[in-house]
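Source file: work.txt (compact mmCIF, C-alpha atoms)
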```
# COMPACT_ATOMS: atom_id res chain seq x y z
CA MET A 13 -24.81 -13.86 16.60
CA LEU A 14 -24.99 -11.68 13.48
CA ARG A 15 -27.22 -8.67 14.02
CA ILE A 16 -29.75 -7.63 11.41
CA ILE A 17 -30.37 -3.89 11.09
CA THR A 18 -33.24 -2.40 9.11
CA GLN A 19 -33.04 1.28 10.09
CA TRP A 20 -30.89 3.62 8.01
CA VAL A 21 -29.68 5.83 10.87
CA GLU A 22 -28.81 2.81 13.01
CA ALA A 23 -26.90 1.29 10.08
CA GLN A 24 -24.88 4.48 9.60
CA ALA A 25 -24.00 4.58 13.30
CA GLU A 26 -22.98 0.92 13.31
CA LEU A 27 -20.72 1.35 10.28
CA ARG A 28 -19.06 4.37 11.93
CA ARG A 29 -18.43 2.31 15.05
CA ILE A 30 -16.81 -0.43 13.01
CA THR A 31 -14.65 2.06 11.08
CA GLU A 32 -13.38 3.54 14.35
CA ARG A 33 -12.80 0.21 16.11
CA THR A 34 -9.04 0.73 16.48
CA HIS A 35 -9.28 4.36 17.61
CA ASP A 36 -9.53 3.70 21.31
CA HIS A 37 -7.58 4.94 24.33
CA THR A 38 -5.29 1.91 24.33
CA ALA A 39 -3.68 3.13 21.09
CA ILE A 40 -2.13 6.02 23.03
CA HIS A 41 -0.37 3.62 25.39
CA LYS A 42 0.74 1.43 22.50
CA GLU A 43 2.13 4.39 20.59
CA ALA A 44 4.25 5.38 23.58
CA THR A 45 5.62 1.83 23.71
CA VAL A 46 6.38 1.87 19.98
CA ARG A 47 8.19 5.21 20.23
CA GLU A 48 10.44 3.76 22.94
CA ILE A 49 11.17 0.68 20.82
CA LEU A 50 12.05 2.82 17.80
CA ARG A 51 14.27 5.10 19.86
CA SER A 52 16.13 2.10 21.24
CA VAL A 53 16.62 0.55 17.79
CA LYS A 54 17.88 3.85 16.40
CA GLU A 55 20.41 4.19 19.22
CA LYS A 56 21.43 0.57 19.85
CA GLY A 57 20.82 -1.16 16.52
CA ASP A 58 21.20 -4.94 16.55
CA GLU A 59 21.41 -5.04 20.33
CA ALA A 60 17.90 -3.62 20.60
CA LEU A 61 16.57 -6.00 17.95
CA LEU A 62 17.86 -9.02 19.86
CA HIS A 63 16.54 -7.67 23.16
CA TYR A 64 12.99 -7.08 21.91
CA THR A 65 12.86 -10.39 20.06
CA SER A 66 13.71 -12.12 23.31
CA GLU A 67 11.26 -10.02 25.34
CA PHE A 68 8.25 -10.13 23.02
CA ASP A 69 8.71 -13.28 20.95
CA HIS A 70 10.63 -15.32 23.54
CA ILE A 71 13.21 -16.26 20.93
CA SER A 72 16.94 -15.90 21.53
CA LEU A 73 19.00 -14.71 18.57
CA THR A 74 22.51 -13.48 17.91
CA SER A 75 23.41 -10.89 15.30
CA GLU A 76 24.58 -13.73 13.06
CA ASP A 77 21.15 -15.38 13.33
CA LEU A 78 19.27 -12.37 12.03
CA ARG A 79 19.85 -13.03 8.34
CA VAL A 80 18.35 -16.20 6.89
CA SER A 81 21.19 -18.33 5.51
CA GLY A 82 21.54 -19.58 1.98
CA SER A 83 21.31 -23.17 3.17
CA GLU A 84 17.98 -22.42 4.88
CA LEU A 85 16.68 -20.85 1.68
CA ASP A 86 17.73 -23.90 -0.33
CA ALA A 87 16.19 -26.26 2.20
CA ALA A 88 12.84 -24.48 1.99
CA TYR A 89 12.29 -25.86 -1.52
CA GLN A 90 12.60 -29.39 -0.16
CA GLN A 91 9.87 -28.69 2.40
CA VAL A 92 7.27 -27.35 -0.04
CA ASN A 93 5.34 -29.85 -2.12
CA LYS A 94 5.18 -29.55 -5.89
CA ASP A 95 1.53 -28.57 -6.02
CA LEU A 96 2.03 -25.65 -3.63
CA LEU A 97 5.14 -24.57 -5.53
CA SER A 98 3.14 -24.60 -8.77
CA SER A 99 0.44 -22.49 -7.13
CA ILE A 100 3.00 -19.98 -5.85
CA ARG A 101 4.46 -19.71 -9.34
CA LEU A 102 1.02 -19.29 -10.92
CA ALA A 103 0.18 -16.50 -8.48
CA ALA A 104 3.54 -14.86 -9.14
CA ARG A 105 2.93 -14.86 -12.90
CA GLN A 106 -0.55 -13.42 -12.52
CA ILE A 107 0.58 -10.69 -10.13
CA GLU A 108 3.51 -9.74 -12.33
CA ALA A 109 1.35 -9.58 -15.46
CA PHE A 110 -1.13 -7.26 -13.75
CA HIS A 111 1.49 -4.92 -12.31
CA ARG A 112 3.40 -4.62 -15.58
CA GLN A 113 0.34 -2.78 -16.88
CA ARG A 114 0.78 -0.17 -14.17
CA VAL A 115 4.39 0.97 -14.68
CA PRO A 116 4.42 4.79 -14.92
CA LYS A 117 5.97 6.06 -18.15
CA SER A 118 8.42 8.94 -18.26
CA TRP A 119 7.51 11.61 -20.80
CA VAL A 120 8.91 14.76 -22.40
CA GLN A 121 6.97 17.45 -24.25
CA PHE A 122 8.62 19.93 -26.64
CA GLY A 123 6.75 23.24 -26.81
CA ASP A 124 7.16 26.58 -28.52
CA ASP A 125 10.36 28.63 -28.11
CA GLU A 126 12.31 25.48 -27.19
CA VAL A 127 10.45 24.96 -23.92
CA VAL A 128 10.82 21.35 -22.72
CA LEU A 129 8.64 19.90 -19.94
CA GLY A 130 8.30 16.37 -18.64
CA LYS A 131 8.35 13.81 -15.87
CA ARG A 132 11.03 11.21 -15.23
CA TYR A 133 10.09 8.15 -13.15
CA THR A 134 12.78 6.27 -11.25
CA PRO A 135 12.67 3.54 -8.57
CA VAL A 136 13.83 3.97 -5.00
CA ASP A 137 17.31 2.59 -4.28
CA ILE A 138 16.25 0.07 -1.66
CA ALA A 139 12.88 -1.24 -0.46
CA GLY A 140 12.04 -3.01 2.78
CA LEU A 141 9.16 -5.47 2.92
CA TYR A 142 7.43 -6.50 6.14
CA VAL A 143 5.69 -9.88 6.07
CA PRO A 144 3.67 -10.99 9.11
CA GLY A 145 4.76 -14.32 10.51
CA GLY A 146 5.40 -16.14 13.74
CA GLN A 147 2.72 -18.81 14.07
CA ALA A 148 1.06 -17.82 10.76
CA ALA A 149 2.39 -17.89 7.20
CA TYR A 150 1.63 -15.49 4.38
CA PRO A 151 3.43 -16.38 1.15
CA SER A 152 0.76 -14.43 -0.73
CA THR A 153 1.79 -11.25 1.10
CA VAL A 154 5.38 -11.85 0.05
CA LEU A 155 4.37 -11.98 -3.61
CA MET A 156 2.04 -9.00 -3.38
CA ASN A 157 4.77 -6.78 -1.94
CA ALA A 158 7.87 -8.09 -3.69
CA ILE A 159 6.65 -8.39 -7.26
CA PRO A 160 5.58 -4.74 -7.71
CA ALA A 161 9.00 -3.73 -6.36
CA GLN A 162 10.69 -6.01 -8.89
CA VAL A 163 8.53 -4.66 -11.71
CA ALA A 164 9.53 -1.15 -10.64
CA LYS A 165 13.17 -2.31 -10.97
CA VAL A 166 14.16 -1.49 -7.41
CA PRO A 167 17.89 -2.39 -7.28
CA LYS A 168 17.81 -3.86 -3.76
CA ILE A 169 14.92 -5.43 -1.86
CA VAL A 170 15.13 -6.80 1.68
CA MET A 171 12.48 -8.59 3.67
CA VAL A 172 11.84 -8.90 7.39
CA THR A 173 9.50 -11.39 8.99
CA PRO A 174 9.13 -12.65 12.57
CA PRO A 175 10.35 -16.18 13.30
CA ALA A 176 8.44 -18.95 15.04
CA GLN A 177 9.90 -21.01 17.86
CA GLY A 178 13.21 -22.58 16.95
CA GLN A 179 14.05 -19.49 14.88
CA LYS A 180 12.15 -21.06 11.99
CA ILE A 181 10.46 -19.21 9.15
CA ASN A 182 7.73 -20.96 7.23
CA PRO A 183 9.28 -22.61 4.15
CA ALA A 184 6.43 -21.46 1.88
CA VAL A 185 7.28 -17.86 2.81
CA LEU A 186 10.94 -18.44 1.99
CA VAL A 187 10.08 -20.10 -1.31
CA ALA A 188 7.71 -17.29 -2.27
CA ALA A 189 10.43 -14.75 -1.50
CA GLN A 190 12.92 -16.52 -3.73
CA GLU A 191 10.37 -16.94 -6.52
CA ALA A 192 9.87 -13.17 -6.31
CA GLY A 193 13.62 -12.56 -6.47
CA ILE A 194 14.39 -11.83 -2.82
CA GLN A 195 17.46 -13.41 -1.27
CA GLU A 196 18.08 -11.00 1.62
CA ILE A 197 15.71 -11.97 4.42
CA TYR A 198 15.91 -11.17 8.14
CA ARG A 199 14.12 -13.02 10.96
CA ILE A 200 12.82 -10.07 12.90
CA GLY A 201 9.31 -8.74 13.46
CA GLY A 202 7.24 -6.17 15.28
CA ALA A 203 7.91 -2.47 15.71
CA GLN A 204 11.62 -3.25 16.10
CA ALA A 205 11.72 -4.64 12.55
CA ILE A 206 10.21 -1.42 11.20
CA GLY A 207 12.79 0.54 13.17
CA SER A 208 15.65 -1.51 11.70
CA LEU A 209 14.46 -0.78 8.17
CA ALA A 210 13.87 2.91 8.86
CA TYR A 211 17.17 3.64 10.62
CA GLY A 212 19.43 0.76 9.62
CA THR A 213 21.60 -1.34 11.94
CA LYS A 214 24.97 -3.01 11.58
CA THR A 215 23.24 -6.03 10.05
CA ILE A 216 20.09 -4.66 8.40
CA PRO A 217 20.34 -1.88 5.78
CA LYS A 218 18.39 1.37 5.93
CA VAL A 219 15.72 1.46 3.22
CA ASP A 220 13.87 4.19 1.34
CA VAL A 221 10.35 2.78 1.53
CA ILE A 222 8.65 0.20 3.79
CA THR A 223 5.62 -1.80 2.70
CA GLY A 224 3.58 -4.66 4.11
CA PRO A 225 0.87 -5.15 6.75
CA GLY A 226 1.28 -6.04 10.40
CA ASN A 227 -0.32 -5.78 13.82
CA ILE A 228 -1.12 -2.53 15.60
CA TYR A 229 2.49 -2.14 16.78
CA VAL A 230 3.82 -2.50 13.24
CA THR A 231 1.23 -0.05 11.94
CA LEU A 232 2.04 2.54 14.61
CA ALA A 233 5.75 2.12 13.92
CA LYS A 234 5.19 2.77 10.21
CA LYS A 235 3.15 5.85 11.10
CA ILE A 236 5.96 7.21 13.28
CA VAL A 237 8.86 6.58 10.87
CA TYR A 238 6.98 8.05 7.89
CA GLY A 239 9.02 11.01 6.72
CA THR A 240 12.27 9.26 7.55
CA VAL A 241 11.18 6.69 4.97
CA GLY A 242 8.20 6.31 2.69
CA ILE A 243 5.46 3.80 3.49
CA ASP A 244 2.67 2.16 1.52
CA SER A 245 -0.20 2.77 3.96
CA LEU A 246 -1.35 2.33 7.54
CA ALA A 247 -3.13 -0.99 7.25
CA GLY A 248 -5.77 -1.66 9.87
CA PRO A 249 -7.79 -4.82 10.53
CA SER A 250 -9.17 -6.42 7.38
CA GLU A 251 -12.76 -5.91 6.27
CA VAL A 252 -15.23 -7.03 3.63
CA MET A 253 -18.53 -5.49 2.62
CA ILE A 254 -20.92 -7.53 0.46
CA ILE A 255 -23.81 -6.06 -1.47
CA ALA A 256 -26.18 -8.89 -2.37
CA ASP A 257 -29.53 -9.14 -4.11
CA SER A 258 -32.17 -11.87 -3.88
CA GLU A 259 -30.31 -14.06 -6.39
CA ALA A 260 -27.19 -14.35 -4.22
CA ASN A 261 -26.42 -17.70 -2.63
CA PRO A 262 -26.62 -17.37 1.20
CA VAL A 263 -24.14 -20.25 1.67
CA HIS A 264 -21.56 -18.43 -0.44
CA VAL A 265 -22.22 -15.07 1.18
CA ALA A 266 -21.77 -16.58 4.65
CA ALA A 267 -18.53 -18.28 3.58
CA ASP A 268 -17.20 -14.97 2.24
CA MET A 269 -18.02 -13.18 5.49
CA LEU A 270 -16.27 -15.87 7.53
CA ALA A 271 -13.29 -15.82 5.18
CA GLN A 272 -12.72 -12.23 6.29
CA ALA A 273 -13.62 -12.73 9.95
CA GLU A 274 -11.11 -15.57 10.41
CA HIS A 275 -8.21 -13.18 9.79
CA ASP A 276 -8.37 -11.40 13.11
CA SER A 277 -10.69 -10.80 16.05
CA LEU A 278 -10.92 -7.18 14.84
CA ALA A 279 -11.81 -8.12 11.26
CA ALA A 280 -15.13 -6.82 9.95
CA ALA A 281 -17.69 -8.64 7.78
CA ILE A 282 -20.71 -6.66 6.60
CA LEU A 283 -23.63 -7.62 4.38
CA LEU A 284 -25.93 -5.10 2.72
CA THR A 285 -28.93 -6.70 1.05
CA THR A 286 -32.29 -5.75 -0.39
CA ASP A 287 -33.74 -9.16 0.57
CA SER A 288 -34.79 -9.71 4.19
CA ALA A 289 -35.16 -13.45 3.58
CA LEU A 290 -31.56 -13.65 2.35
CA ALA A 291 -30.46 -11.70 5.43
CA ARG A 292 -32.01 -14.29 7.75
CA GLN A 293 -30.60 -17.19 5.70
CA VAL A 294 -27.09 -15.76 5.87
CA VAL A 295 -27.29 -15.36 9.65
CA THR A 296 -28.33 -18.98 10.00
CA GLU A 297 -25.67 -20.17 7.58
CA VAL A 298 -22.90 -18.25 9.37
CA GLU A 299 -23.83 -19.99 12.62
CA GLN A 300 -23.80 -23.39 10.93
CA GLN A 301 -20.44 -22.87 9.22
CA LEU A 302 -18.94 -21.72 12.52
CA GLN A 303 -19.81 -24.99 14.27
CA GLU A 304 -16.77 -26.92 13.07
CA HIS A 305 -14.56 -23.96 12.22
CA PRO A 306 -10.88 -24.59 13.14
CA ARG A 307 -10.48 -20.94 14.17
CA ARG A 308 -13.89 -20.69 15.78
CA THR A 309 -13.03 -18.66 18.88
CA LEU A 310 -11.26 -15.88 16.98
CA THR A 311 -13.73 -15.88 14.06
CA GLU A 312 -16.79 -15.93 16.32
CA LYS A 313 -15.43 -12.95 18.24
CA ALA A 314 -14.96 -10.95 15.03
CA ILE A 315 -18.45 -11.82 13.82
CA ALA A 316 -20.01 -10.97 17.18
CA HIS A 317 -18.33 -7.57 17.49
CA TYR A 318 -17.79 -6.42 13.91
CA GLY A 319 -20.21 -8.49 11.82
CA VAL A 320 -23.52 -7.02 10.76
CA VAL A 321 -26.30 -7.51 8.20
CA VAL A 322 -28.16 -4.44 6.95
CA VAL A 323 -31.42 -4.69 5.02
CA VAL A 324 -31.75 -1.73 2.64
CA GLU A 325 -34.59 -0.61 0.38
CA SER A 326 -32.55 -0.58 -2.84
CA LEU A 327 -29.16 -1.36 -4.34
CA LYS A 328 -28.62 2.38 -4.76
CA ALA A 329 -29.07 2.80 -1.01
CA ALA A 330 -26.60 -0.04 -0.44
CA ALA A 331 -24.09 1.73 -2.68
CA GLU A 332 -24.50 4.93 -0.66
CA LEU A 333 -23.82 3.11 2.62
CA SER A 334 -20.83 1.45 1.00
CA ASN A 335 -19.43 4.80 -0.10
CA GLN A 336 -19.79 6.11 3.44
CA PHE A 337 -17.90 3.10 4.80
CA ALA A 338 -15.30 2.98 1.95
CA PRO A 339 -14.51 -0.72 2.43
CA GLU A 340 -11.19 -2.41 1.88
CA HIS A 341 -12.93 -5.23 -0.05
CA LEU A 342 -16.31 -4.82 -1.73
CA GLU A 343 -18.17 -7.75 -3.27
CA LEU A 344 -21.05 -6.97 -5.64
CA GLU A 345 -23.01 -10.21 -5.54
CA VAL A 346 -25.82 -8.93 -7.72
CA SER A 347 -27.21 -9.84 -11.13
CA GLU A 348 -25.95 -6.63 -12.79
CA PRO A 349 -22.68 -5.80 -11.00
CA TRP A 350 -21.31 -3.50 -13.71
CA ALA A 351 -24.42 -1.35 -13.56
CA LEU A 352 -24.14 -1.09 -9.77
CA LEU A 353 -20.44 -0.27 -10.12
CA GLU A 354 -21.41 3.13 -11.57
CA ASN A 355 -22.68 4.08 -8.09
CA ILE A 356 -19.53 3.00 -6.22
CA ARG A 357 -17.04 5.78 -5.49
CA HIS A 358 -14.83 4.42 -2.70
CA ALA A 359 -13.42 0.90 -2.29
CA GLY A 360 -9.97 -0.64 -2.14
CA ALA A 361 -10.85 -3.58 -4.41
CA ILE A 362 -14.16 -4.46 -6.03
CA PHE A 363 -15.21 -8.02 -6.87
CA LEU A 364 -17.98 -8.29 -9.42
CA GLY A 365 -20.54 -11.07 -9.72
CA TYR A 366 -21.58 -14.22 -7.92
CA SER A 367 -18.44 -16.18 -8.91
CA THR A 368 -15.83 -13.68 -7.74
CA PRO A 369 -15.17 -14.05 -4.00
CA GLU A 370 -12.62 -11.74 -2.41
CA VAL A 371 -10.26 -14.67 -1.85
CA VAL A 372 -9.59 -14.78 -5.62
CA GLY A 373 -8.10 -11.31 -5.46
CA GLY A 374 -6.38 -12.09 -2.18
CA TYR A 375 -4.22 -14.74 -3.76
CA LEU A 376 -3.73 -14.86 -7.50
CA ALA A 377 -6.05 -12.82 -9.70
CA GLY A 378 -3.24 -10.29 -10.06
CA PRO A 379 -4.39 -7.00 -8.45
CA ASN A 380 -2.68 -6.28 -5.17
CA HIS A 381 -4.26 -7.37 -1.90
CA THR A 382 -2.49 -4.70 0.18
CA LEU A 383 -5.37 -2.23 0.34
CA PRO A 384 -6.54 0.84 2.28
CA THR A 385 -8.64 0.02 5.35
CA SER A 386 -10.76 1.83 7.94
CA GLY A 387 -12.24 4.25 5.43
CA ALA A 388 -8.93 5.19 3.84
CA ALA A 389 -10.25 4.08 0.44
CA ARG A 390 -11.83 7.55 0.29
CA TYR A 391 -8.38 8.94 -0.58
CA ALA A 392 -5.92 6.04 -0.87
CA SER A 393 -5.30 3.16 -3.26
CA ALA A 394 -3.82 -0.31 -3.38
CA LEU A 395 -0.10 -0.95 -3.18
CA GLY A 396 1.41 -0.98 -6.66
CA VAL A 397 4.46 -0.33 -8.76
CA GLU A 398 4.04 3.40 -8.06
CA THR A 399 4.68 2.74 -4.36
CA PHE A 400 8.30 1.95 -5.18
CA MET A 401 8.83 4.82 -7.62
CA LYS A 402 9.00 8.58 -7.55
CA HIS A 403 9.07 11.15 -10.29
CA SER A 404 11.19 14.19 -11.05
CA ASN A 405 9.79 17.13 -12.99
CA LEU A 406 11.83 18.13 -16.05
CA VAL A 407 11.99 21.78 -17.15
CA GLN A 408 14.16 23.44 -19.81
CA TYR A 409 13.70 27.02 -21.10
CA SER A 410 15.55 28.67 -23.95
CA THR A 411 16.73 32.27 -23.61
CA THR A 412 13.88 33.37 -25.88
CA ALA A 413 11.29 31.57 -23.74
CA LEU A 414 12.73 33.04 -20.54
CA GLN A 415 12.60 36.55 -21.93
CA LYS A 416 8.92 36.12 -22.83
CA VAL A 417 7.90 35.24 -19.26
CA ALA A 418 10.43 37.43 -17.43
CA THR A 419 8.01 40.26 -16.72
CA SER A 420 5.34 37.94 -15.30
CA ILE A 421 7.88 36.20 -13.08
CA ASP A 422 9.21 39.57 -11.93
CA LEU A 423 5.72 40.71 -10.93
CA LEU A 424 4.93 37.48 -9.07
CA THR A 425 8.20 37.30 -7.16
CA THR A 426 8.07 41.00 -6.26
CA ALA A 427 4.50 40.55 -4.97
CA GLU A 428 5.80 37.81 -2.67
CA GLY A 429 8.69 39.95 -1.44
CA LEU A 430 11.44 37.72 -2.81
CA PRO A 431 14.01 39.98 -4.50
CA SER A 432 16.59 37.29 -5.22
CA HIS A 433 13.90 35.27 -6.99
CA ALA A 434 13.34 38.26 -9.26
CA ASN A 435 17.07 38.77 -9.75
CA SER A 436 17.62 35.17 -10.82
CA VAL A 437 15.57 36.03 -13.94
CA ARG A 438 16.48 39.73 -14.28
CA LEU A 439 20.20 39.04 -14.35
CA ARG A 440 19.79 36.46 -17.07
CA THR A 441 17.53 38.56 -19.25
CA LYS A 442 19.72 41.63 -18.72
CA ALA A 443 22.81 39.66 -19.71
CA GLN A 444 20.98 38.39 -22.77
CA GLU A 445 19.90 41.91 -23.69
CA GLN A 446 23.52 43.09 -23.40
CA LYS A 447 24.66 40.25 -25.65
CA GLN A 448 22.01 41.14 -28.19
CA GLN A 449 23.06 44.81 -28.08
CA GLU A 450 26.73 43.87 -28.49
CA TRP A 451 25.83 41.54 -31.36
CA ALA A 452 23.76 44.30 -33.03
CA LYS A 453 26.62 46.78 -32.59
CA LYS A 454 29.13 44.37 -34.13
CA GLU A 455 26.75 43.69 -37.00
CA LYS A 456 26.33 47.42 -37.62
CA ASN A 457 30.12 48.03 -37.53
CA SER A 458 30.64 45.12 -39.87
CA GLN A 459 28.15 46.53 -42.34
CA GLU A 460 29.77 49.99 -42.12
CA ASN A 461 33.23 48.52 -42.74
CA ASP A 462 31.91 46.59 -45.70
CA GLY A 463 30.55 49.86 -47.12
CA LYS A 464 33.92 51.62 -46.73
CA ASN A 465 35.73 48.77 -48.43
CA LEU A 466 33.43 49.21 -51.41
```

Could you quickly redo this structure as structure tokens?
Amino acid sequence: MLRIITQWVEAQAELRRITERTHDHTAIHKEATVREILRSVKEKGDEALLHYTSEFDHISLTSEDLRVSGSELDAAYQQVNKDLLSSIRLAARQIEAFHRQRVPKSWVQFGDDEVVLGKRYTPVDIAGLYVPGGQAAYPSTVLMNAIPAQVAKVPKIVMVTPPAQGQKINPAVLVAAQEAGIQEIYRIGGAQAIGSLAYGTKTIPKVDVITGPGNIYVTLAKKIVYGTVGIDSLAGPSEVMIIADSEANPVHVAADMLAQAEHDSLAAAILLTTDSALARQVVTEVEQQLQEHPRRTLTEKAIAHYGVVVVVESLKAAAELSNQFAPEHLELEVSEPWALLENIRHAGAIFLGYSTPEVVGGYLAGPNHTLPTSGAARYASALGVETFMKHSNLVQYSTTALQKVATSIDLLTTAEGLPSHANSVRLRTKAQEQKQQEWAKKEKNSQENDGKNL
């Protein structure tokens, strides 16, 4: 089932294939469909939302049904047991504590000649969070998206999530939302939900930034509306890469690979190891753990198509392959993970040591689990407080400071053929020179008059 590769060139080719697994011809057709959905939502608002929910989800709603009621929110607490509630609250505390360390600080610097420079950070006015749903439930995703927005002090946060049959939303999701401070929740999913947040409808408000993962239709919708609103990233199928040495436990490694593969049939699980015996043991263990797996069909498909084991000559070589792949999740199951970390340049999240499976970070360690995928870790980072904030540059010049740089500005603006740019400084400095001349003349006259009076 799992393939073992020992050739460097073959490994590189296989990793490229996995990275590009969503870049096929069907995406073009899907993007056309998404554009039509977005156009309809922009033009027809709630009517389009109800139509597409009926067509795609086979759920009939009215405009009044879109927003989750207060009574449904209250009832959710009665449907979640105390142990799960405690776990949700623990995760919320951990996530909040981590993200409070990441709040950008405004600053002002006072220089010579009364020049003042700085940056001022402020939150967006309203954020929209997309949480996958339907037959699945992701309270952890609620916390990971909502808490950074709360820490950023976004004044208004709304959430959309697709309902299951009977218009129901998983109570754990509703509880997690309330624990994170969200009361405005709408039962709508898919590309139409992204459209409602981007353009606004009679029921759902237009937002400034949209965050949260979803299927290919949600991702394409976020890609298309970017510019109308901000987005966190274009999340693709989930992936884990594990670098393991001979001391790693093959049972644990196999479990970690399956933990990623069970997300989605497009999920990727990759092992890079210096130990050929470990490679064979992991393959065997994956097959054994799949035997009684509740999500066997989906997980087996992911492993068969996007699971691979690569035997490398050294941990340094493993790090180089990892940097080429730029994984969403990277586990360093080696005896000296911090030493190996020095060779890692690109990864969304890095889990160090034998006792740190990715699932720890996925739920409650604190760092965000919304991460760049499909190689985007080469240039992108995890969702954080910064996602919900923007900064304004602050500049103040005194008349003295402006006069000192006036000639340089004049030369630069003239070189670019922008005469009004030059005039915006010339007129000010000329006016200041006239004031100085008038002041000097008055001072001279005053001194002359004082002399006559003597």

| message | My list of candidates is A:Ile40, A:Glu191, A:Gly207, A:Gly429. Which is closest to Arg105 in chain A when distances are computed with only C-alpha atoms? | response |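 Smallest separation from Arg105 in chain A among the options: A:Glu191.
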
| field | Selection near Ala271 in chain A, 12 Å with only C-alpha atoms, sequence-local residues under 4 positions removed, as number ranges by chain | value | A: 250-253, 264-267, 275-276, 279-282, 298, 301-302, 305, 307-308, 310-312, 314-315, 341, 369-372, 374

Which neighbours of Leu395 in chain A fall inside 9 Å, counting all atoms listed in the file, when residues of the same chain fewer than 3 positions from it are skipped, and could you give them as a PDB file with C-alpha atoms, in the frame of the given file?
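Printed below is out.pdb as written:
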```pdb
ATOM      1  CA  MET A 156       2.040  -9.000  -3.380  1.00  0.00           C
ATOM      2  CA  ASN A 157       4.770  -6.780  -1.940  1.00  0.00           C
ATOM      3  CA  PRO A 160       5.580  -4.740  -7.710  1.00  0.00           C
ATOM      4  CA  THR A 223       5.620  -1.800   2.700  1.00  0.00           C
ATOM      5  CA  GLY A 224       3.580  -4.660   4.110  1.00  0.00           C
ATOM      6  CA  ASP A 244       2.670   2.160   1.520  1.00  0.00           C
ATOM      7  CA  SER A 245      -0.200   2.770   3.960  1.00  0.00           C
ATOM      8  CA  ASN A 380      -2.680  -6.280  -5.170  1.00  0.00           C
ATOM      9  CA  HIS A 381      -4.260  -7.370  -1.900  1.00  0.00           C
ATOM     10  CA  THR A 382      -2.490  -4.700   0.180  1.00  0.00           C
ATOM     11  CA  LEU A 383      -5.370  -2.230   0.340  1.00  0.00           C
ATOM     12  CA  PRO A 384      -6.540   0.840   2.280  1.00  0.00           C
ATOM     13  CA  GLU A 398       4.040   3.400  -8.060  1.00  0.00           C
ATOM     14  CA  THR A 399       4.680   2.740  -4.360  1.00  0.00           C
TER      15      THR A 399
END
```

Neighbours of Ala359 in chain A within 8 Å (all atoms listed in the file; same-chain residues fewer than 3 positions away dropped), as a short mmCIF file (atom, residue, chain, number, x, y, z; two decimals) with C-alpha atoms, keeping the file's coordinate frame?
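Contents of out-v2.cif, freshly written:
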```
data_model
loop_
_atom_site.label_atom_id
_atom_site.label_comp_id
_atom_site.auth_asym_id
_atom_site.auth_seq_id
_atom_site.Cartn_x
_atom_site.Cartn_y
_atom_site.Cartn_z
CA ASN A 335 -19.43 4.80 -0.10
CA ALA A 338 -15.30 2.98 1.95
CA PRO A 339 -14.51 -0.72 2.43
CA GLU A 340 -11.19 -2.41 1.88
CA HIS A 341 -12.93 -5.23 -0.05
CA LEU A 342 -16.31 -4.82 -1.73
CA ILE A 356 -19.53 3.00 -6.22
CA ILE A 362 -14.16 -4.46 -6.03
CA ALA A 389 -10.25 4.08 0.44
CA ARG A 390 -11.83 7.55 0.29
#
```

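The closest residue to Asp58 in chain A, picked from A:Ile255, A:Val154, A:Ile216, A:Ala176 and counting only C-alpha atoms, is A:Ile216.
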
| query | Of the candidates A:Gly396, A:Pro175, A:Gly193, A:Gly319, which one gets nearest to Leu270 in chain A if we count all atoms listed in the file? | reply |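 Among the listed residues, the smallest separation from Leu270 in chain A belongs to A:Gly319.
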
| task | Would you mind telling me which residue in A:Thr34, A:Ser404, A:Gln24, A:Thr385 lies nearest to Tyr229 in chain A when using all atoms listed in the file? | result |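 Checking each of A:Thr34, A:Ser404, A:Gln24, A:Thr385 against Tyr229 in chain A, counting all atoms listed in the file, the winner is A:Thr34.
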
| request: Mind giving me the straight-line distance from CA of Val92 in chain A to CA of Asn182 in chain A in Å, one decimal? | output: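 CA of Asn182 in chain A lies at a distance of 9.7 Å from CA of Val92 in chain A.
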